[in-house]
Amino acid sequence: MVKGIGASPGIVVGKVLVKKEEEIEIAKKTIESSETEISNLRSAIEKSRTQIQALYDIALVKMGEEEAKIFEAHQMVLDDPEVFGQVENKINNEKINAEYAIEQVVAPFIQMFAMMEDEYLKERAADLKDVAGRVTKNLLGIDMVDFSNLDSKVVVVANDLTPSDTAAMDKEMVLGFVTEIGGRTSHSAIMARTLEIPAVVGTGNVLSQVVTGDVIAFNGDEGVIFVNPNEEKIAEFNAERVKYDAFRTRLSTLIGQESVSKDGVHVELAANIGTPEDLDSVLRNDAEGVGLYRSEFLYMDRDSLPTEEEQFEAYKKVVAGLEGKPVVIRTLDIGGDKKLDYLPLPEEMNPFLGYRAIRLCLDRDDIFRTQLRALLRASAFGNLKVMFPMISSVEELRDAKAIVEEERVKLREEGIEFDEKMEIGIMVEIPATAVIADLLAKEVDFFSIGTNDLIQYTTAVDRMNEKIAHLYNPCHPALLRLVNMVIQAGHKEGIWVGMCGEVAGDPRLIPVLLGMGLDEFSMSPISVLNARWIIAQLSQKEMKVVAETAMNLPTASEVEAYLANIVQLEN
């Protein structure tokens, strides 16, 4: 048995096809003609461009515009002078072979992105690796595995899969895939969920335990893999698969339905997004609003700060597109691992505890005021709510609200329309904020709990540190108690409480959050219907007992074991 991370749901039993990593030994060579080498490089880039365009076309048909954009990003890498422009310079200046120059230029970029905490930026490492690998193979005339042209049904097992690999998979022939590395937020995992291909990632050493032709069975929700299972186990999995297929059919009938528990309690199931282009996914998955719009993406991949008008148009597009459904927009959350080239920030010993998010905005109120004006103006076009990130004290909150009020006054004087009742809330992602939630609740219209940072700060665990990553656990009793404390403090003051971290879409913890009385669950768009189904099976009254029990268990592993039984019983 091999344990990994369940990345895409589904029950799989099938024969293994091992994708062997091509060990390309790239040696440094001195070349005679840099012109010829650059010409070869450009030919390889053009061939790659054609291949990527074909992948874009496939992805557009199979997965939709949003996922196809991954390959637009790959085309941009090909055009980026910071990458292949540097490669050409290196060939010219050092008279070295193109494949070696690519390796030398790209490796530092990949390392830099891979070390970033932000999942969006971290994925840029995968994009660069994918594109650089493709150009290198085209340079060397190495054929790539074609998952779109398999002649038998298989389960692909690999160390890692690129977005290109995943997009090219024929769902009829690839029953599922297993990788040694990766997490739930990797491109391949996200695309697997979109394509509805069952997947398990992060298995560590699965390649040492299987060969092509072996049989494996797994449940993409649970992440447990059985290698060469006996007939009895295969029969169990086949029976589970029949039940699962029937469940998926039932899930699609929930589109258009309200998210209501068995005892009639309505909760809101919203989606997290990064750009206006994500709106299609929100609507397709029938989310009841946007619980987290990460506005910082508007500030990235450009040379200067976005203007008030640019921001206004982006916010307006999402707010108007939701036609009255709530849209919570987080103000600029930059700093920590999220850097802007055009906005140099001081080097810090502990950037995640430093000059970032609302702290930066209160110091650079010129940037903050521009964003607030854009947000206020966009509020006239729908149900927009503003949320401040990383608030750690009442003073910070009051300072931020005072600036909002000053901009409101100016807009009134200018005769510009905005929503006078626009709600203002905060992200609760610091333990201190949770502890004084009763005080903060008197000053805001809502809370949204950001669990990704709250877990990290509460348990003092750097989630990027592999040696201690096992201590980063959403089932830690301390986290559950803090979350409950925030929800109860909010309700005592009559405000609604949401959650926009990964925990909100975690099937194990949805019963606990429902029992605690969470009002809004915001998650990846494709998780919305599954969450709606889970909530419909649960009684909030009964889940209050579950939540109370979970909070009083002494260890995270005991909480996990207890909740596994609860979800299994309800499913």
# chains A, B, ... in the order shown; residues from 1 in each chain; ligands from 1
$ select_by_dssp --residues "stretch 201-407 of chain A" --states "strand (DSSP E or B)" --output "PyMOL selection string"
chain A and resi 201+215-219+224-227+260+266+268-273+290-294+326-330+335+338+340+343+383-388
$ write_last_selection --atoms "N, CA and C atoms" --output "tab-separated table (two decimals), in the first residue's frame"
chain	number	residue	atom	x	y	z
A	201	VAL	N	-1.39	12.40	-5.89
A	201	VAL	CA	-0.07	13.02	-6.08
A	201	VAL	C	0.71	12.93	-4.76
A	215	VAL	N	-0.93	-3.94	-11.83
A	215	VAL	CA	-2.29	-3.42	-11.63
A	215	VAL	C	-2.29	-2.59	-10.35
A	216	ILE	N	-2.91	-1.42	-10.39
A	216	ILE	CA	-3.06	-0.64	-9.17
A	216	ILE	C	-4.52	-0.21	-9.03
A	217	ALA	N	-4.89	0.04	-7.79
A	217	ALA	CA	-6.25	0.49	-7.49
A	217	ALA	C	-6.16	1.62	-6.49
A	218	PHE	N	-6.95	2.67	-6.70
A	218	PHE	CA	-6.96	3.75	-5.71
A	218	PHE	C	-8.25	4.54	-5.74
A	219	ASN	N	-8.46	5.26	-4.66
A	219	ASN	CA	-9.58	6.18	-4.53
A	219	ASN	C	-8.98	7.59	-4.52
A	224	VAL	N	-4.98	6.57	-1.11
A	224	VAL	CA	-4.33	5.30	-0.76
A	224	VAL	C	-4.29	4.41	-2.01
A	225	ILE	N	-3.09	3.90	-2.32
A	225	ILE	CA	-2.90	3.12	-3.55
A	225	ILE	C	-2.56	1.68	-3.21
A	226	PHE	N	-3.24	0.74	-3.85
A	226	PHE	CA	-2.94	-0.68	-3.67
A	226	PHE	C	-2.26	-1.18	-4.94
A	227	VAL	N	-1.08	-1.78	-4.78
A	227	VAL	CA	-0.32	-2.30	-5.91
A	227	VAL	C	-0.57	-3.80	-6.03
A	260	VAL	N	-28.46	23.80	1.45
A	260	VAL	CA	-29.24	23.73	2.69
A	260	VAL	C	-28.96	22.40	3.39
A	266	HIS	N	-29.50	27.20	5.84
A	266	HIS	CA	-28.86	27.60	4.59
A	266	HIS	C	-27.47	28.16	4.86
A	268	GLU	N	-23.88	29.66	2.57
A	268	GLU	CA	-23.52	30.16	1.25
A	268	GLU	C	-22.25	29.45	0.79
A	269	LEU	N	-22.28	28.91	-0.42
A	269	LEU	CA	-21.09	28.26	-0.99
A	269	LEU	C	-20.54	29.16	-2.09
A	270	ALA	N	-19.41	29.79	-1.81
A	270	ALA	CA	-18.82	30.76	-2.73
A	270	ALA	C	-17.51	30.21	-3.29
A	271	ALA	N	-16.91	30.98	-4.21
A	271	ALA	CA	-15.69	30.52	-4.88
A	271	ALA	C	-14.56	31.51	-4.68
A	272	ASN	N	-13.33	30.99	-4.67
A	272	ASN	CA	-12.13	31.84	-4.62
A	272	ASN	C	-11.63	32.05	-6.04
A	273	ILE	N	-11.29	33.30	-6.38
A	273	ILE	CA	-10.78	33.57	-7.72
A	273	ILE	C	-9.57	34.50	-7.66
A	290	VAL	N	-18.61	35.15	-4.84
A	290	VAL	CA	-17.15	35.06	-4.74
A	290	VAL	C	-16.77	35.41	-3.31
A	291	GLY	N	-16.17	34.47	-2.63
A	291	GLY	CA	-15.81	34.70	-1.22
A	291	GLY	C	-14.43	35.29	-1.06
A	292	LEU	N	-13.61	35.19	-2.12
A	292	LEU	CA	-12.26	35.76	-2.08
A	292	LEU	C	-11.81	36.06	-3.49
A	293	TYR	N	-11.69	37.34	-3.78
A	293	TYR	CA	-11.09	37.78	-5.04
A	293	TYR	C	-9.74	38.36	-4.65
A	294	ARG	N	-8.65	37.67	-5.09
A	294	ARG	CA	-7.30	38.08	-4.71
A	294	ARG	C	-6.86	39.21	-5.63
A	326	PRO	N	-22.96	38.17	-3.91
A	326	PRO	CA	-21.86	38.85	-3.21
A	326	PRO	C	-20.49	38.56	-3.81
A	327	VAL	N	-19.63	39.59	-3.82
A	327	VAL	CA	-18.24	39.45	-4.26
A	327	VAL	C	-17.36	40.11	-3.20
A	328	VAL	N	-16.56	39.30	-2.52
A	328	VAL	CA	-15.65	39.82	-1.50
A	328	VAL	C	-14.28	40.03	-2.14
A	329	ILE	N	-13.83	41.29	-2.18
A	329	ILE	CA	-12.53	41.59	-2.79
A	329	ILE	C	-11.52	41.94	-1.70
A	330	ARG	N	-10.44	41.18	-1.67
A	330	ARG	CA	-9.38	41.44	-0.70
A	330	ARG	C	-8.48	42.55	-1.22
A	335	GLY	N	3.92	41.57	-0.53
A	335	GLY	CA	4.93	41.43	0.52
A	335	GLY	C	5.08	39.95	0.84
A	338	LYS	N	5.34	37.55	-2.13
A	338	LYS	CA	4.77	38.15	-3.33
A	338	LYS	C	5.43	39.51	-3.56
A	340	LEU	N	6.81	42.68	-6.22
A	340	LEU	CA	6.57	43.40	-7.47
A	340	LEU	C	7.89	44.04	-7.87
A	343	LEU	N	8.08	47.69	-7.48
A	343	LEU	CA	7.84	48.23	-6.14
A	343	LEU	C	8.81	47.56	-5.16
A	383	ASN	N	-22.98	43.72	-5.76
A	383	ASN	CA	-22.88	43.48	-4.31
A	383	ASN	C	-21.41	43.27	-3.93
A	384	LEU	N	-20.65	44.35	-3.89
A	384	LEU	CA	-19.22	44.27	-3.60
A	384	LEU	C	-18.96	44.50	-2.10
A	385	LYS	N	-18.09	43.67	-1.56
A	385	LYS	CA	-17.67	43.83	-0.17
A	385	LYS	C	-16.14	43.91	-0.14
A	386	VAL	N	-15.61	44.73	0.73
A	386	VAL	CA	-14.15	44.91	0.80
A	386	VAL	C	-13.60	44.21	2.04
A	387	MET	N	-12.46	43.55	1.86
A	387	MET	CA	-11.86	42.81	2.99
A	387	MET	C	-10.38	43.18	3.12
A	388	PHE	N	-9.95	43.52	4.33
A	388	PHE	CA	-8.56	43.87	4.58
A	388	PHE	C	-7.79	42.61	5.04
$ atom_distance --atom1 "atom CA of A:Ile96" --atom2 "atom CA of A:Lys29"
5.5 Å
$ residues_around --residues "stretch 475-478 of chain A" --least-positions-apart "6" --cutoff "10 Å" --atoms "only C-alpha atoms" --output "PyMOL selection string"
chain A and resi 431+455+458-459+484+503+508-509+550-561+563
$ residues_around --residues "A:Val87" --least-positions-apart "5" --cutoff "9 Å" --atoms "only C-alpha atoms" --output "list in words"
Ile38, Pro81, Glu82, Asn92, Ala98, Ala101, Ile102, Glu103, Gln104, Val105 and Val106 of chain A
$ write_last_selection --atoms "C-alpha atoms" --output "PDB file, in the first residue's frame"
ATOM      1  CA  ILE A  38      20.778  30.418 -32.368  1.00  0.00           C
ATOM      2  CA  PRO A  81      13.201  38.068 -23.438  1.00  0.00           C
ATOM      3  CA  GLU A  82      14.068  37.457 -19.787  1.00  0.00           C
ATOM      4  CA  ASN A  92      26.545  34.645 -28.354  1.00  0.00           C
ATOM      5  CA  ALA A  98      21.903  26.011 -26.831  1.00  0.00           C
ATOM      6  CA  ALA A 101      22.538  27.729 -22.212  1.00  0.00           C
ATOM      7  CA  ILE A 102      18.831  26.973 -21.587  1.00  0.00           C
ATOM      8  CA  GLU A 103      19.702  24.948 -18.504  1.00  0.00           C
ATOM      9  CA  GLN A 104      21.954  27.684 -17.156  1.00  0.00           C
ATOM     10  CA  VAL A 105      19.391  30.463 -17.687  1.00  0.00           C
ATOM     11  CA  VAL A 106      16.220  28.655 -16.620  1.00  0.00           C
TER      12      VAL A 106
END
$ select_by_dssp --residues "stretch 90-323 of chain A" --states "helix (DSSP H, G or I)" --output "VMD selection string"
chain A and resid 90 to 94 98 to 114 119 to 140 163 to 168 187 to 195 206 to 208 231 to 252 276 to 284 295 to 299 308 to 321
$ atom_distance --atom1 "atom CA of A:Leu360" --atom2 "atom CA of A:Lys410"
22.6 Å
$ residues_around --residues "A:Asp214" --least-positions-apart "6" --cutoff "9 Å" --atoms "only C-alpha atoms" --output "PyMOL selection string"
chain A and resi 14-17+227-228
$ residues_around --residues "A:Val154" --least-positions-apart "3" --cutoff "10 Å" --atoms "only C-alpha atoms" --output "ChimeraX atom specification"
/A:12-18,150-151,157,172-177,212-213,215-216
$ write_last_selection --atoms "C-alpha atoms" --output "PDB file, in the first residue's frame"
ATOM      1  CA  VAL A  12      -9.626   3.462 -10.377  1.00  0.00           C
ATOM      2  CA  VAL A  13      -8.499  -0.100 -11.077  1.00  0.00           C
ATOM      3  CA  GLY A  14      -6.181  -0.517 -14.034  1.00  0.00           C
ATOM      4  CA  LYS A  15      -2.868  -1.458 -15.581  1.00  0.00           C
ATOM      5  CA  VAL A  16       0.103   0.758 -14.968  1.00  0.00           C
ATOM      6  CA  LEU A  17       1.951   2.689 -17.645  1.00  0.00           C
ATOM      7  CA  VAL A  18       5.116   4.106 -16.117  1.00  0.00           C
ATOM      8  CA  LEU A 150      -2.687   5.493 -26.385  1.00  0.00           C
ATOM      9  CA  ASP A 151      -3.965   2.154 -27.685  1.00  0.00           C
ATOM     10  CA  VAL A 157       2.462   6.586 -12.966  1.00  0.00           C
ATOM     11  CA  GLU A 172     -11.228   7.437 -22.360  1.00  0.00           C
ATOM     12  CA  MET A 173      -7.775   5.839 -22.266  1.00  0.00           C
ATOM     13  CA  VAL A 174      -6.176   7.349 -19.140  1.00  0.00           C
ATOM     14  CA  LEU A 175      -8.147   5.943 -16.231  1.00  0.00           C
ATOM     15  CA  GLY A 176      -6.172   7.970 -13.715  1.00  0.00           C
ATOM     16  CA  PHE A 177      -2.679   9.020 -12.759  1.00  0.00           C
ATOM     17  CA  THR A 212       4.513  -1.070 -16.454  1.00  0.00           C
ATOM     18  CA  GLY A 213       1.923  -3.854 -16.565  1.00  0.00           C
ATOM     19  CA  VAL A 215      -2.285  -3.418 -11.629  1.00  0.00           C
ATOM     20  CA  ILE A 216      -3.065  -0.640  -9.167  1.00  0.00           C
TER      21      ILE A 216
END
$ residues_around --residues "A:Glu502" --least-positions-apart "2" --cutoff "7 Å" --atoms "only C-alpha atoms" --output "mmCIF file with C-alpha atoms, in the first residue's frame"
data_model
loop_
_atom_site.group_PDB
_atom_site.id
_atom_site.type_symbol
_atom_site.label_atom_id
_atom_site.label_comp_id
_atom_site.auth_asym_id
_atom_site.auth_seq_id
_atom_site.Cartn_x
_atom_site.Cartn_y
_atom_site.Cartn_z
ATOM 1 C CA THR A 451 -6.900 29.140 7.273
ATOM 2 C CA ASN A 452 -3.756 28.765 5.145
ATOM 3 C CA CYS A 500 -11.787 31.380 2.334
ATOM 4 C CA ALA A 504 -13.533 25.467 3.684
ATOM 5 C CA GLY A 505 -13.637 22.889 0.886
ATOM 6 C CA ASP A 506 -12.168 19.997 2.874
ATOM 7 C CA MET A 523 -13.416 27.299 -2.073
#
$ decode --residues "stretch 369-381 of chain A" --atoms "all heavy atoms" --output "tab-separated table (two decimals), in the first residue's frame"
chain	number	residue	atom	x	y	z
A	369	ARG	N	-5.21	54.18	-1.45
A	369	ARG	CA	-6.34	55.06	-1.79
A	369	ARG	C	-6.79	54.85	-3.25
A	369	ARG	O	-7.99	54.86	-3.54
A	369	ARG	CB	-5.93	56.52	-1.57
A	369	ARG	CG	-5.86	56.93	-0.11
A	369	ARG	CD	-5.37	58.36	0.05
A	369	ARG	NE	-5.09	58.68	1.44
A	369	ARG	CZ	-6.01	59.08	2.32
A	369	ARG	NH1	-7.26	59.22	1.93
A	369	ARG	NH2	-5.69	59.33	3.57
A	370	THR	N	-5.83	54.61	-4.13
A	370	THR	CA	-6.19	54.35	-5.53
A	370	THR	C	-7.06	53.10	-5.63
A	370	THR	O	-8.08	53.08	-6.32
A	370	THR	CB	-4.91	54.16	-6.38
A	370	THR	OG1	-4.13	55.36	-6.29
A	370	THR	CG2	-5.25	53.88	-7.84
A	371	GLN	N	-6.65	52.06	-4.91
A	371	GLN	CA	-7.44	50.83	-4.96
A	371	GLN	C	-8.81	51.04	-4.33
A	371	GLN	O	-9.83	50.57	-4.86
A	371	GLN	CB	-6.71	49.69	-4.23
A	371	GLN	CG	-7.51	48.39	-4.29
A	371	GLN	CD	-6.78	47.20	-3.72
A	371	GLN	OE1	-6.06	47.32	-2.74
A	371	GLN	NE2	-6.99	46.03	-4.32
A	372	LEU	N	-8.87	51.74	-3.22
A	372	LEU	CA	-10.16	51.94	-2.54
A	372	LEU	C	-11.13	52.72	-3.42
A	372	LEU	O	-12.33	52.42	-3.46
A	372	LEU	CB	-9.95	52.65	-1.20
A	372	LEU	CG	-9.25	51.81	-0.14
A	372	LEU	CD1	-8.94	52.65	1.10
A	372	LEU	CD2	-10.10	50.59	0.25
A	373	ARG	N	-10.62	53.73	-4.12
A	373	ARG	CA	-11.50	54.49	-5.03
A	373	ARG	C	-12.07	53.58	-6.12
A	373	ARG	O	-13.25	53.64	-6.44
A	373	ARG	CB	-10.72	55.65	-5.66
A	373	ARG	CG	-10.57	56.86	-4.77
A	373	ARG	CD	-9.76	57.95	-5.48
A	373	ARG	NE	-10.41	58.44	-6.69
A	373	ARG	CZ	-11.29	59.45	-6.71
A	373	ARG	NH1	-11.60	60.07	-5.60
A	373	ARG	NH2	-11.85	59.84	-7.85
A	374	ALA	N	-11.21	52.72	-6.67
A	374	ALA	CA	-11.67	51.79	-7.71
A	374	ALA	C	-12.72	50.83	-7.15
A	374	ALA	O	-13.73	50.54	-7.79
A	374	ALA	CB	-10.48	51.02	-8.27
A	375	LEU	N	-12.48	50.34	-5.94
A	375	LEU	CA	-13.43	49.42	-5.32
A	375	LEU	C	-14.76	50.10	-5.03
A	375	LEU	O	-15.83	49.55	-5.29
A	375	LEU	CB	-12.83	48.87	-4.01
A	375	LEU	CG	-11.68	47.87	-4.17
A	375	LEU	CD1	-10.95	47.68	-2.85
A	375	LEU	CD2	-12.22	46.53	-4.67
A	376	LEU	N	-14.69	51.31	-4.48
A	376	LEU	CA	-15.93	52.04	-4.16
A	376	LEU	C	-16.73	52.30	-5.44
A	376	LEU	O	-17.95	52.11	-5.47
A	376	LEU	CB	-15.59	53.34	-3.45
A	376	LEU	CG	-15.20	53.20	-1.96
A	376	LEU	CD1	-14.49	54.45	-1.46
A	376	LEU	CD2	-16.44	52.91	-1.12
A	377	ARG	N	-16.05	52.73	-6.49
A	377	ARG	CA	-16.76	53.01	-7.75
A	377	ARG	C	-17.40	51.72	-8.30
A	377	ARG	O	-18.54	51.74	-8.78
A	377	ARG	CB	-15.78	53.59	-8.77
A	377	ARG	CG	-15.35	55.01	-8.48
A	377	ARG	CD	-14.26	55.45	-9.43
A	377	ARG	NE	-14.67	55.34	-10.82
A	377	ARG	CZ	-13.82	55.29	-11.86
A	377	ARG	NH1	-12.51	55.34	-11.64
A	377	ARG	NH2	-14.26	55.17	-13.08
A	378	ALA	N	-16.68	50.60	-8.22
A	378	ALA	CA	-17.22	49.33	-8.74
A	378	ALA	C	-18.40	48.85	-7.89
A	378	ALA	O	-19.26	48.11	-8.38
A	378	ALA	CB	-16.12	48.27	-8.75
A	379	SER	N	-18.45	49.30	-6.64
A	379	SER	CA	-19.54	48.85	-5.75
A	379	SER	C	-20.91	49.31	-6.25
A	379	SER	O	-21.94	48.75	-5.86
A	379	SER	CB	-19.30	49.35	-4.32
A	379	SER	OG	-19.51	50.76	-4.23
A	380	ALA	N	-20.92	50.30	-7.12
A	380	ALA	CA	-22.20	50.79	-7.66
A	380	ALA	C	-22.83	49.80	-8.64
A	380	ALA	O	-23.98	49.94	-9.01
A	380	ALA	CB	-21.99	52.14	-8.35
A	381	PHE	N	-22.06	48.78	-9.04
A	381	PHE	CA	-22.52	47.87	-10.09
A	381	PHE	C	-22.92	46.48	-9.56
A	381	PHE	O	-23.12	45.56	-10.36
A	381	PHE	CB	-21.45	47.73	-11.16
A	381	PHE	CG	-21.21	49.02	-11.90
A	381	PHE	CD1	-20.31	49.95	-11.40
A	381	PHE	CD2	-21.91	49.32	-13.06
A	381	PHE	CE1	-20.10	51.16	-12.06
A	381	PHE	CE2	-21.70	50.52	-13.72
A	381	PHE	CZ	-20.80	51.45	-13.22
